[in-house]
>>> print(open('upload-v3.csv').read())   # CSV, C-alpha atoms and all ligand atoms
chain,number,residue,atom,x,y,z
A,1049,MET,CA,-40.4,-63.5,-53.1
A,1050,TYR,CA,-38.4,-62.6,-50.0
A,1051,ILE,CA,-39.6,-59.7,-47.9
A,1052,THR,CA,-36.3,-57.9,-48.6
A,1053,GLU,CA,-37.1,-58.2,-52.3
A,1054,ARG,CA,-40.6,-56.7,-51.7
A,1055,ILE,CA,-39.1,-53.7,-49.9
A,1056,ALA,CA,-36.4,-53.4,-52.6
A,1057,ALA,CA,-39.1,-53.3,-55.3
A,1058,GLU,CA,-40.6,-50.2,-53.4
A,1059,LEU,CA,-37.4,-48.3,-53.2
A,1060,LYS,CA,-37.7,-45.3,-55.5
A,1061,ASP,CA,-34.5,-46.0,-57.4
A,1062,GLU,CA,-31.0,-47.5,-57.3
A,1063,THR,CA,-29.7,-44.6,-55.1
A,1064,HIS,CA,-32.3,-45.3,-52.4
A,1065,ALA,CA,-31.8,-47.7,-49.4
A,1066,ALA,CA,-33.8,-48.8,-46.4
A,1067,LEU,CA,-32.3,-49.3,-42.9
A,1068,ILE,CA,-34.4,-51.7,-40.8
A,1069,THR,CA,-33.5,-51.6,-37.1
A,1070,GLY,CA,-36.6,-52.3,-35.1
A,1071,ASP,CA,-36.5,-55.8,-33.4
A,1072,ILE,CA,-39.9,-56.8,-34.8
A,1073,SER,CA,-39.5,-55.4,-38.3
A,1074,ARG,CA,-36.0,-56.8,-38.5
A,1075,ARG,CA,-37.3,-60.2,-37.6
A,1076,TYR,CA,-40.2,-59.8,-40.2
A,1077,VAL,CA,-37.9,-58.7,-43.0
A,1078,SER,CA,-35.0,-61.1,-42.4
A,1079,GLY,CA,-36.8,-64.1,-40.8
A,1080,PHE,CA,-34.2,-64.0,-38.0
A,1081,SER,CA,-34.9,-63.2,-34.4
A,1082,SER,CA,-32.4,-61.2,-32.4
A,1083,SER,CA,-32.1,-58.4,-30.0
A,1084,ALA,CA,-29.6,-56.4,-32.2
A,1085,GLY,CA,-28.6,-56.0,-35.8
A,1086,MET,CA,-29.7,-54.1,-38.8
A,1087,VAL,CA,-31.0,-55.0,-42.3
A,1088,PHE,CA,-29.8,-52.7,-45.1
A,1089,VAL,CA,-31.9,-53.1,-48.2
A,1090,THR,CA,-30.7,-51.8,-51.6
A,1091,LYS,CA,-32.4,-52.3,-55.0
A,1092,ASN,CA,-30.1,-55.1,-55.9
A,1093,LYS,CA,-29.0,-56.7,-52.7
A,1094,SER,CA,-29.8,-56.8,-48.9
A,1095,TYR,CA,-27.5,-57.3,-46.0
A,1096,LEU,CA,-28.1,-58.3,-42.3
A,1097,ILE,CA,-25.2,-56.9,-40.2
A,1098,ILE,CA,-25.2,-58.7,-36.9
A,1099,ASP,CA,-22.8,-59.2,-34.0
A,1100,GLY,CA,-21.0,-62.4,-32.9
A,1101,ARG,CA,-23.7,-63.6,-30.5
A,1102,TYR,CA,-26.0,-64.2,-33.5
A,1103,PHE,CA,-23.8,-64.5,-36.6
A,1104,GLU,CA,-23.7,-68.3,-36.9
A,1105,LYS,CA,-27.4,-68.8,-36.4
A,1106,ALA,CA,-28.2,-65.8,-38.7
A,1107,GLU,CA,-26.2,-67.4,-41.5
A,1108,GLN,CA,-28.3,-70.5,-41.2
A,1109,GLN,CA,-31.7,-68.8,-40.7
A,1110,ALA,CA,-31.8,-65.3,-42.3
A,1111,LYS,CA,-33.7,-65.1,-45.6
A,1112,GLY,CA,-33.2,-62.9,-48.6
A,1113,CYS,CA,-30.0,-61.2,-47.3
A,1114,GLU,CA,-26.3,-61.7,-47.1
A,1115,VAL,CA,-25.2,-61.9,-43.4
A,1116,LEU,CA,-22.2,-59.8,-42.4
A,1117,LEU,CA,-20.4,-60.2,-39.0
A,1118,LEU,CA,-20.4,-56.8,-37.3
A,1119,THR,CA,-16.9,-55.5,-37.0
A,1120,ASP,CA,-16.7,-51.8,-37.9
A,1121,LEU,CA,-20.2,-50.6,-38.7
A,1122,ARG,CA,-19.3,-47.3,-40.4
A,1123,LYS,CA,-16.7,-49.0,-42.6
A,1124,GLN,CA,-19.1,-51.9,-43.5
A,1125,LEU,CA,-22.0,-49.6,-44.3
A,1126,TYR,CA,-19.9,-47.3,-46.4
A,1127,ALA,CA,-18.5,-50.2,-48.4
A,1128,ILE,CA,-22.1,-51.1,-49.3
A,1129,ILE,CA,-23.1,-47.5,-49.9
A,1130,GLU,CA,-20.2,-47.0,-52.3
A,1131,GLU,CA,-20.7,-50.3,-54.1
A,1132,HIS,CA,-24.4,-49.5,-54.8
A,1133,GLY,CA,-24.1,-45.7,-55.2
A,1134,ILE,CA,-26.6,-45.0,-52.3
A,1135,GLU,CA,-27.5,-41.3,-51.7
A,1136,VAL,CA,-30.7,-41.6,-49.6
A,1137,VAL,CA,-31.3,-43.9,-46.6
A,1138,SER,CA,-34.8,-44.3,-45.2
A,1139,ILE,CA,-35.2,-45.2,-41.6
A,1140,GLU,CA,-38.1,-46.5,-39.5
A,1141,SER,CA,-39.6,-43.3,-38.1
A,1142,LYS,CA,-42.1,-45.2,-36.0
A,1143,THR,CA,-39.5,-47.1,-34.0
A,1144,VAL,CA,-36.3,-45.0,-34.2
A,1145,THR,CA,-35.8,-42.9,-31.1
A,1146,VAL,CA,-34.8,-39.2,-31.2
A,1147,SER,CA,-31.3,-40.0,-30.1
A,1148,GLU,CA,-30.9,-42.8,-32.6
A,1149,LEU,CA,-32.0,-40.4,-35.3
A,1150,GLU,CA,-29.2,-38.1,-34.3
A,1151,ASP,CA,-26.8,-41.0,-34.4
A,1152,TYR,CA,-28.0,-42.0,-37.9
A,1153,LYS,CA,-27.6,-38.4,-39.1
A,1154,LYS,CA,-24.0,-38.5,-38.0
A,1155,LEU,CA,-23.4,-41.9,-39.3
A,1156,PHE,CA,-24.8,-41.0,-42.8
A,1157,ASN,CA,-23.4,-37.5,-42.8
A,1158,THR,CA,-22.6,-37.7,-46.5
A,1159,LEU,CA,-26.1,-38.9,-47.4
A,1160,THR,CA,-29.7,-37.8,-47.0
A,1161,VAL,CA,-31.5,-39.5,-44.1
A,1162,ASP,CA,-35.2,-39.9,-44.9
A,1163,ALA,CA,-37.0,-39.9,-41.5
A,1164,SER,CA,-40.5,-39.7,-43.1
A,1165,SER,CA,-43.0,-42.4,-42.3
A,1166,TRP,CA,-42.4,-44.1,-45.7
A,1167,LEU,CA,-40.5,-47.1,-44.4
A,1168,SER,CA,-42.5,-47.8,-41.3
A,1169,VAL,CA,-45.8,-47.5,-43.3
A,1170,THR,CA,-44.4,-49.8,-46.1
A,1171,ILE,CA,-43.5,-52.5,-43.6
A,1172,GLU,CA,-46.8,-52.2,-41.7
A,1173,ARG,CA,-48.7,-52.5,-45.0
A,1174,MET,CA,-46.9,-55.8,-45.7
A,1175,ARG,CA,-47.2,-57.2,-42.1
A,1176,ILE,CA,-50.9,-56.5,-41.9
A,1177,ILE,CA,-51.7,-59.2,-44.5
A,1178,LYS,CA,-50.6,-62.5,-43.3
A,1179,SER,CA,-49.0,-65.2,-45.5
A,1180,GLU,CA,-50.2,-68.8,-45.3
A,1181,GLU,CA,-47.0,-69.6,-43.3
A,1182,GLU,CA,-47.7,-66.9,-40.8
A,1183,ILE,CA,-51.3,-68.0,-40.4
A,1184,LEU,CA,-50.1,-71.6,-39.7
A,1185,LYS,CA,-47.9,-70.3,-36.9
A,1186,ILE,CA,-50.7,-68.3,-35.4
A,1187,GLU,CA,-53.0,-71.3,-35.6
A,1188,ALA,CA,-50.4,-73.5,-34.0
A,1189,ALA,CA,-50.2,-71.0,-31.1
A,1190,GLN,CA,-53.9,-71.0,-30.8
A,1191,ARG,CA,-54.2,-74.8,-30.7
A,1192,ILE,CA,-51.7,-74.8,-27.8
A,1193,ALA,CA,-53.6,-72.1,-25.9
A,1194,GLU,CA,-56.9,-73.9,-26.3
A,1195,ALA,CA,-55.5,-77.3,-25.2
A,1196,ALA,CA,-54.1,-75.5,-22.1
A,1197,PHE,CA,-57.5,-74.0,-21.4
A,1198,SER,CA,-59.2,-77.4,-21.6
A,1199,LYS,CA,-56.7,-78.8,-19.1
A,1200,LEU,CA,-57.1,-75.7,-16.9
A,1201,ILE,CA,-60.8,-75.9,-16.5
A,1202,THR,CA,-60.6,-79.4,-15.0
A,1203,SER,CA,-58.0,-78.1,-12.5
A,1204,ILE,CA,-59.7,-74.9,-11.2
A,1205,ARG,CA,-61.1,-75.2,-7.7
A,1206,VAL,CA,-62.9,-72.7,-5.4
A,1207,GLY,CA,-60.2,-71.2,-3.1
A,1208,MET,CA,-57.5,-71.1,-5.8
A,1209,THR,CA,-56.1,-67.6,-6.2
A,1210,GLU,CA,-56.2,-65.7,-9.5
A,1211,LYS,CA,-52.4,-65.8,-9.5
A,1212,GLN,CA,-52.4,-69.6,-9.1
A,1213,VAL,CA,-55.0,-69.9,-12.0
A,1214,ALA,CA,-52.8,-67.7,-14.2
A,1215,SER,CA,-49.6,-69.6,-13.4
A,1216,VAL,CA,-51.2,-73.0,-14.0
A,1217,LEU,CA,-52.5,-71.8,-17.4
A,1218,ASN,CA,-49.1,-70.4,-18.3
A,1219,PHE,CA,-47.5,-73.7,-17.2
A,1220,TYR,CA,-49.8,-75.7,-19.4
A,1221,MET,CA,-49.1,-73.5,-22.5
A,1222,MET,CA,-45.4,-73.9,-22.0
A,1223,ASP,CA,-45.7,-77.7,-21.3
A,1224,LEU,CA,-47.7,-78.1,-24.5
A,1225,GLY,CA,-44.9,-76.6,-26.5
A,1226,ALA,CA,-45.4,-72.8,-26.6
A,1227,ASP,CA,-42.2,-70.8,-27.1
A,1228,GLY,CA,-43.6,-68.3,-24.7
A,1229,ILE,CA,-46.8,-66.7,-23.6
A,1230,SER,CA,-48.3,-63.9,-25.6
A,1231,PHE,CA,-48.7,-61.4,-22.7
A,1232,ASP,CA,-49.2,-61.5,-19.0
A,1233,THR,CA,-52.2,-63.8,-18.6
A,1234,ILE,CA,-55.3,-62.2,-17.2
A,1235,ALA,CA,-57.2,-64.2,-14.6
A,1236,ALA,CA,-59.8,-61.9,-13.1
A,1237,SER,CA,-62.6,-63.1,-10.8
A,1238,GLY,CA,-65.7,-61.5,-9.2
A,1239,VAL,CA,-65.4,-57.7,-8.9
A,1240,ASN,CA,-61.9,-57.9,-10.5
A,1241,SER,CA,-63.5,-59.1,-13.8
A,1242,ALA,CA,-65.1,-55.6,-14.1
A,1243,CYS,CA,-61.6,-54.3,-15.0
A,1244,PRO,CA,-60.9,-55.4,-18.6
A,1245,HIS,CA,-57.1,-55.6,-18.1
A,1246,ALA,CA,-57.0,-56.7,-14.5
A,1247,VAL,CA,-53.7,-58.1,-13.1
A,1248,PRO,CA,-54.1,-61.4,-11.3
A,1249,THR,CA,-54.2,-61.0,-7.5
A,1250,ASP,CA,-54.1,-63.2,-4.3
A,1251,LYS,CA,-57.9,-63.1,-4.3
A,1252,PRO,CA,-59.3,-66.7,-4.0
A,1253,LEU,CA,-62.1,-67.8,-6.3
A,1254,GLN,CA,-65.5,-68.0,-4.8
A,1255,ASN,CA,-68.8,-69.5,-5.8
A,1256,GLY,CA,-71.2,-67.3,-7.8
A,1257,GLU,CA,-68.4,-65.3,-9.5
A,1258,PHE,CA,-67.3,-64.8,-13.1
A,1259,LEU,CA,-63.7,-65.7,-13.9
A,1260,THR,CA,-62.3,-64.0,-17.1
A,1261,LEU,CA,-59.3,-65.7,-18.6
A,1262,ASP,CA,-57.5,-63.8,-21.4
A,1263,PHE,CA,-54.3,-65.5,-22.6
A,1264,GLY,CA,-52.3,-66.7,-25.6
A,1265,ALA,CA,-49.3,-68.7,-26.7
A,1266,VAL,CA,-46.3,-67.8,-28.9
A,1267,VAL,CA,-45.0,-70.1,-31.7
A,1268,ASP,CA,-42.0,-69.1,-33.7
A,1269,GLY,CA,-42.6,-65.4,-32.9
A,1270,TYR,CA,-46.3,-65.5,-33.7
A,1271,HIS,CA,-49.0,-64.8,-31.0
A,1272,SER,CA,-52.4,-66.1,-30.3
A,1273,ASP,CA,-55.1,-64.3,-28.2
A,1274,MET,CA,-58.3,-65.6,-26.7
A,1275,THR,CA,-60.6,-64.8,-23.8
A,1276,ARG,CA,-63.3,-67.0,-22.2
A,1277,THR,CA,-65.4,-66.0,-19.2
A,1278,VAL,CA,-66.5,-69.0,-17.0
A,1279,VAL,CA,-68.5,-69.0,-13.8
A,1280,ILE,CA,-67.5,-70.5,-10.5
A,1281,GLY,CA,-70.6,-72.4,-9.2
A,1282,LYS,CA,-73.8,-70.9,-10.5
A,1283,PRO,CA,-74.5,-67.5,-12.1
A,1284,ASP,CA,-77.5,-65.3,-11.1
A,1285,ASP,CA,-80.0,-64.1,-13.7
A,1286,GLU,CA,-78.2,-60.8,-14.3
A,1287,MET,CA,-74.9,-62.7,-14.9
A,1288,LYS,CA,-76.6,-65.0,-17.4
A,1289,ASN,CA,-78.2,-62.1,-19.2
A,1290,MET,CA,-74.8,-60.3,-19.4
A,1291,TYR,CA,-73.1,-63.3,-20.7
A,1292,ASN,CA,-75.7,-63.9,-23.4
A,1293,ALA,CA,-75.5,-60.2,-24.4
A,1294,VAL,CA,-71.7,-60.4,-24.9
A,1295,TRP,CA,-72.0,-63.8,-26.6
A,1296,GLY,CA,-74.6,-62.3,-28.9
A,1297,ALA,CA,-72.3,-59.4,-29.8
A,1298,ASN,CA,-69.4,-61.8,-30.5
A,1299,THR,CA,-71.7,-63.9,-32.7
A,1300,ASP,CA,-73.1,-60.9,-34.7
A,1301,ALA,CA,-69.6,-59.4,-35.2
A,1302,LEU,CA,-68.2,-62.8,-36.4
A,1303,LYS,CA,-71.1,-63.0,-38.9
A,1304,ALA,CA,-70.3,-59.5,-40.2
A,1305,VAL,CA,-66.5,-60.0,-40.7
A,1306,ARG,CA,-65.5,-60.0,-44.3
A,1307,ALA,CA,-63.0,-58.2,-46.6
A,1308,ASP,CA,-64.1,-54.6,-47.4
A,1309,ILE,CA,-66.0,-53.9,-44.1
A,1310,THR,CA,-64.5,-51.0,-42.2
A,1311,GLY,CA,-63.1,-51.5,-38.7
A,1312,LYS,CA,-65.6,-48.8,-37.6
A,1313,LEU,CA,-68.6,-50.6,-39.0
A,1314,LEU,CA,-67.6,-53.9,-37.6
A,1315,ASP,CA,-67.1,-52.4,-34.1
A,1316,ASN,CA,-70.6,-50.9,-34.5
A,1317,VAL,CA,-72.2,-54.3,-35.2
A,1318,ALA,CA,-71.1,-55.6,-31.7
A,1319,ARG,CA,-72.0,-52.3,-30.1
A,1320,SER,CA,-75.5,-52.4,-31.6
A,1321,THR,CA,-76.1,-55.9,-30.2
A,1322,LEU,CA,-74.9,-54.8,-26.8
A,1323,ASP,CA,-77.1,-51.8,-27.0
A,1324,ALA,CA,-80.2,-53.9,-27.7
A,1325,TRP,CA,-79.4,-55.9,-24.5
A,1326,GLY,CA,-78.8,-52.7,-22.5
A,1327,TYR,CA,-75.1,-53.2,-22.0
A,1328,GLU,CA,-73.5,-50.9,-24.7
A,1329,LYS,CA,-72.5,-48.3,-22.1
A,1330,TYR,CA,-70.5,-51.1,-20.3
A,1331,PHE,CA,-68.4,-51.9,-23.4
A,1332,THR,CA,-65.5,-49.6,-22.8
A,1333,HIS,CA,-62.9,-50.7,-25.4
A,1334,GLY,CA,-62.6,-51.4,-29.1
A,1335,LEU,CA,-63.9,-54.6,-30.6
A,1336,GLY,CA,-60.5,-56.0,-31.6
A,1337,HIS,CA,-57.0,-55.7,-33.0
A,1338,GLY,CA,-54.6,-57.4,-35.4
A,1339,VAL,CA,-52.4,-60.2,-34.1
A,1340,GLY,CA,-49.1,-61.5,-35.5
A,1341,LEU,CA,-45.5,-60.9,-34.5
A,1342,GLU,CA,-47.0,-58.6,-31.9
A,1343,ILE,CA,-50.0,-59.2,-29.7
A,1344,HIS,CA,-51.5,-55.9,-30.7
A,1345,GLU,CA,-50.8,-54.7,-34.2
A,1346,SER,CA,-52.7,-53.2,-37.1
A,1347,PRO,CA,-55.5,-53.2,-37.9
A,1348,ASN,CA,-57.4,-52.0,-34.9
A,1349,VAL,CA,-61.2,-52.5,-34.9
A,1350,SER,CA,-62.8,-49.7,-33.0
A,1351,PRO,CA,-65.1,-46.7,-33.3
A,1352,LYS,CA,-62.1,-44.7,-34.6
A,1353,SER,CA,-60.4,-47.3,-36.7
A,1354,PRO,CA,-59.0,-45.9,-40.0
A,1355,PHE,CA,-58.8,-49.4,-41.5
A,1356,THR,CA,-60.8,-51.4,-44.0
A,1357,LEU,CA,-60.5,-55.1,-43.5
A,1358,ARG,CA,-58.7,-57.1,-46.2
A,1359,GLU,CA,-58.4,-60.8,-47.0
A,1360,GLY,CA,-55.5,-62.3,-44.9
A,1361,MET,CA,-55.7,-60.0,-42.0
A,1362,VAL,CA,-55.8,-61.7,-38.6
A,1363,ILE,CA,-57.9,-59.9,-36.0
A,1364,THR,CA,-59.6,-60.5,-32.7
A,1365,ILE,CA,-63.3,-60.1,-32.0
A,1366,GLU,CA,-63.6,-59.4,-28.3
A,1367,PRO,CA,-66.7,-57.6,-27.1
A,1368,GLY,CA,-67.1,-57.2,-23.4
A,1369,ALA,CA,-69.3,-55.7,-20.7
A,1370,TYR,CA,-67.9,-54.4,-17.4
A,1371,ILE,CA,-70.2,-53.2,-14.7
A,1372,PRO,CA,-68.0,-51.2,-12.2
A,1373,HIS,CA,-67.6,-52.8,-8.8
A,1374,LYS,CA,-69.7,-55.8,-9.8
A,1375,CYS,CA,-68.4,-58.0,-12.6
A,1376,GLY,CA,-67.4,-58.3,-16.2
A,1377,VAL,CA,-67.6,-60.6,-19.2
A,1378,ARG,CA,-65.4,-60.8,-22.3
A,1379,ILE,CA,-65.5,-63.4,-25.1
A,1380,GLU,CA,-62.6,-63.2,-27.6
A,1381,ASP,CA,-62.0,-65.2,-30.8
A,1382,MET,CA,-59.3,-64.7,-33.3
A,1383,VAL,CA,-60.1,-64.9,-37.0
A,1384,VAL,CA,-58.6,-64.7,-40.5
A,1385,VAL,CA,-60.5,-62.3,-42.8
A,1386,THR,CA,-61.6,-63.9,-46.0
A,1387,SER,CA,-63.2,-62.4,-49.2
A,1388,ASP,CA,-66.7,-63.2,-48.0
A,1389,GLY,CA,-66.4,-63.9,-44.2
A,1390,CYS,CA,-63.8,-65.2,-41.9
A,1391,LEU,CA,-62.1,-68.4,-40.7
A,1392,ASN,CA,-62.4,-68.6,-36.9
A,1393,LEU,CA,-59.1,-69.9,-35.5
A,1394,THR,CA,-60.7,-70.2,-32.0
A,1395,LYS,CA,-62.5,-73.5,-31.6
A,1396,THR,CA,-63.3,-73.5,-27.9
A,1397,PRO,CA,-67.1,-73.4,-27.5
A,1398,LYS,CA,-68.8,-70.4,-26.0
A,1399,THR,CA,-71.5,-72.1,-24.0
A,1400,LEU,CA,-71.1,-70.7,-20.4
A,1401,ILE,CA,-68.8,-73.1,-18.5
A,1402,TYR,CA,-69.8,-73.8,-14.9
A,1403,ILE,CA,-66.7,-74.8,-12.8
B,1501,LIG,N1,-55.8,-60.1,-25.0
B,1501,LIG,C1,-55.2,-58.9,-24.5
B,1501,LIG,C2,-55.7,-57.8,-25.3
B,1501,LIG,O1,-56.2,-57.9,-26.3
B,1501,LIG,O2,-55.5,-56.6,-24.8
B,1502,MN,MN,-57.1,-59.3,-27.6
>>> encode(input="upload-v3.csv", output="structure tokens")
Amino acid sequence: MYITERIAAELKDETHAALITGDISRRYVSGFSSSAGMVFVTKNKSYLIIDGRYFEKAEQQAKGCEVLLLTDLRKQLYAIIEEHGIEVVSIESKTVTVSELEDYKKLFNTLTVDASSWLSVTIERMRIIKSEEEILKIEAAQRIAEAAFSKLITSIRVGMTEKQVASVLNFYMMDLGADGISFDTIAASGVNSACPHAVPTDKPLQNGEFLTLDFGAVVDGYHSDMTRTVVIGKPDDEMKNMYNAVWGANTDALKAVRADITGKLLDNVARSTLDAWGYEKYFTHGLGHGVGLEIHESPNVSPKSPFTLREGMVITIEPGAYIPHKCGVRIEDMVVVTSDGCLNLTKTPKTLIYI
């Protein structure tokens, strides 16, 4: 069943339509990636209205909708509205801006514009559970990221800067076939590793430092996400202890993942392990997040998460410990939630790597 058909099935009746305009949701719903366009879903038929830059490709690639070349938007929409007897149009309240809402109210001045969260929530509920096809794309992205990491660790040398490390890793991911990188790669060494989202600097790598690498590849719009912390030269005892604490938290959380556990409880599993090692106060972010067409999407896994995990969700498990002005460790895997556990898409071992 096409996604447009699934949305159509949730429209309240024949007079109700959904207008999907967000770049990510439009891609999800139509299967076609573009920087413009709109999908108009009615009970019986869906349309992708798109401009001449994309029309030809959209005709070949869009799924579950008739593709119309944008000429006169008002005229085209009203032809559809009249054909199907539409009276109410729901818009995506979570992505439409205030000024766009004003424009839609003018455009649909003879109809009711539903700006409730209904459409955004409906699409989010669909996106949060990944299909087999989506999981295959995420897995393909993860395989590329891991192959790039394996190549990188044989290339890292003392004296390379964080920026150089990040750019080599990015190059390897692209060289291995990624369509893009998931986000700005994090390569943080020494004191910089104490900052969870450090931006790579000109600081050269030195012996006795952690190097945290957080990165991912994109394949056909789907992201991967992983973090490994390695050591340059040899770690001292405190660094070893810290690494083992975070590794323990990662292992315990992975064992606890399953459908029906809440995001809060899962987060707490990792936090309890870190507490037992004396590092809980240094774990300053949530345990994980959903991954898919966006690098961060629902469900989040944190002390305040409102989510319960379900089969088919793809989430990260990324405990960390960050001692201010000293150093930090993060270990991140990406898993598919199953009925009684999870499938770990991250195959890179977690034994501390000495560079
Ligand atoms: N890997 C980047 C993040 O999860 O924020
Ligand atoms: Mn992450």
>>> residues_near_ligand(input="upload-v3.csv", ligand="ligand MN 1502 (chain B)", cutoff="7 Å", atoms="all atoms listed in the file", output="PyMOL selection string")
chain A and resi 1273-1274+1336-1337+1364+1366+1380
>>> atom_distance(input="upload-v3.csv", atom1="atom CA of His1373 of chain A", atom2="atom CA of Ser1241 of chain A")
9.0 Å
>>> atom_distance(input="upload-v3.csv", atom1="atom CA of Phe1219 of chain A", atom2="atom CA of Gln1109 of chain A")
28.7 Å
>>> closest_residue(input="upload-v3.csv", among="A:Ala1318, A:Val1377, A:Ile1068, A:Ile1280", to="Arg1205 of chain A", atoms="only C-alpha atoms")
A:Ile1280
>>> residues_around(input="upload-v3.csv", residues="Val1087 of chain A", least_positions_apart="6", cutoff="8 Å", atoms="all atoms listed in the file", output="count of residues only")
11
>>> decode(input="upload-v3.csv", residues="segment 1276-1302 of chain A", atoms="C-alpha atoms", output="PDB file, in the first residue's frame")
ATOM      1  CA  ARG A1276      33.412   5.290  18.497  1.00  0.00           C
ATOM      2  CA  THR A1277      35.964   6.682  20.916  1.00  0.00           C
ATOM      3  CA  VAL A1278      39.547   5.558  20.290  1.00  0.00           C
ATOM      4  CA  VAL A1279      42.757   6.397  22.130  1.00  0.00           C
ATOM      5  CA  ILE A1280      45.889   7.912  20.649  1.00  0.00           C
ATOM      6  CA  GLY A1281      48.839   6.083  22.182  1.00  0.00           C
ATOM      7  CA  LYS A1282      47.990   4.717  25.627  1.00  0.00           C
ATOM      8  CA  PRO A1283      45.175   5.604  28.028  1.00  0.00           C
ATOM      9  CA  ASP A1284      45.769   6.155  31.758  1.00  0.00           C
ATOM     10  CA  ASP A1285      43.799   4.167  34.352  1.00  0.00           C
ATOM     11  CA  GLU A1286      41.050   6.776  34.688  1.00  0.00           C
ATOM     12  CA  MET A1287      40.526   6.828  30.917  1.00  0.00           C
ATOM     13  CA  LYS A1288      40.296   3.022  30.855  1.00  0.00           C
ATOM     14  CA  ASN A1289      37.780   3.099  33.706  1.00  0.00           C
ATOM     15  CA  MET A1290      35.698   5.741  31.990  1.00  0.00           C
ATOM     16  CA  TYR A1291      35.716   3.840  28.715  1.00  0.00           C
ATOM     17  CA  ASN A1292      34.627   0.624  30.426  1.00  0.00           C
ATOM     18  CA  ALA A1293      31.818   2.461  32.246  1.00  0.00           C
ATOM     19  CA  VAL A1294      30.388   3.847  28.981  1.00  0.00           C
ATOM     20  CA  TRP A1295      30.846   0.499  27.239  1.00  0.00           C
ATOM     21  CA  GLY A1296      29.002  -1.169  30.136  1.00  0.00           C
ATOM     22  CA  ALA A1297      26.143   1.324  29.817  1.00  0.00           C
ATOM     23  CA  ASN A1298      25.966   0.712  26.071  1.00  0.00           C
ATOM     24  CA  THR A1299      25.937  -3.079  26.608  1.00  0.00           C
ATOM     25  CA  ASP A1300      23.264  -2.972  29.318  1.00  0.00           C
ATOM     26  CA  ALA A1301      21.021  -0.672  27.300  1.00  0.00           C
ATOM     27  CA  LEU A1302      21.375  -2.889  24.218  1.00  0.00           C
TER      28      LEU A1302
END
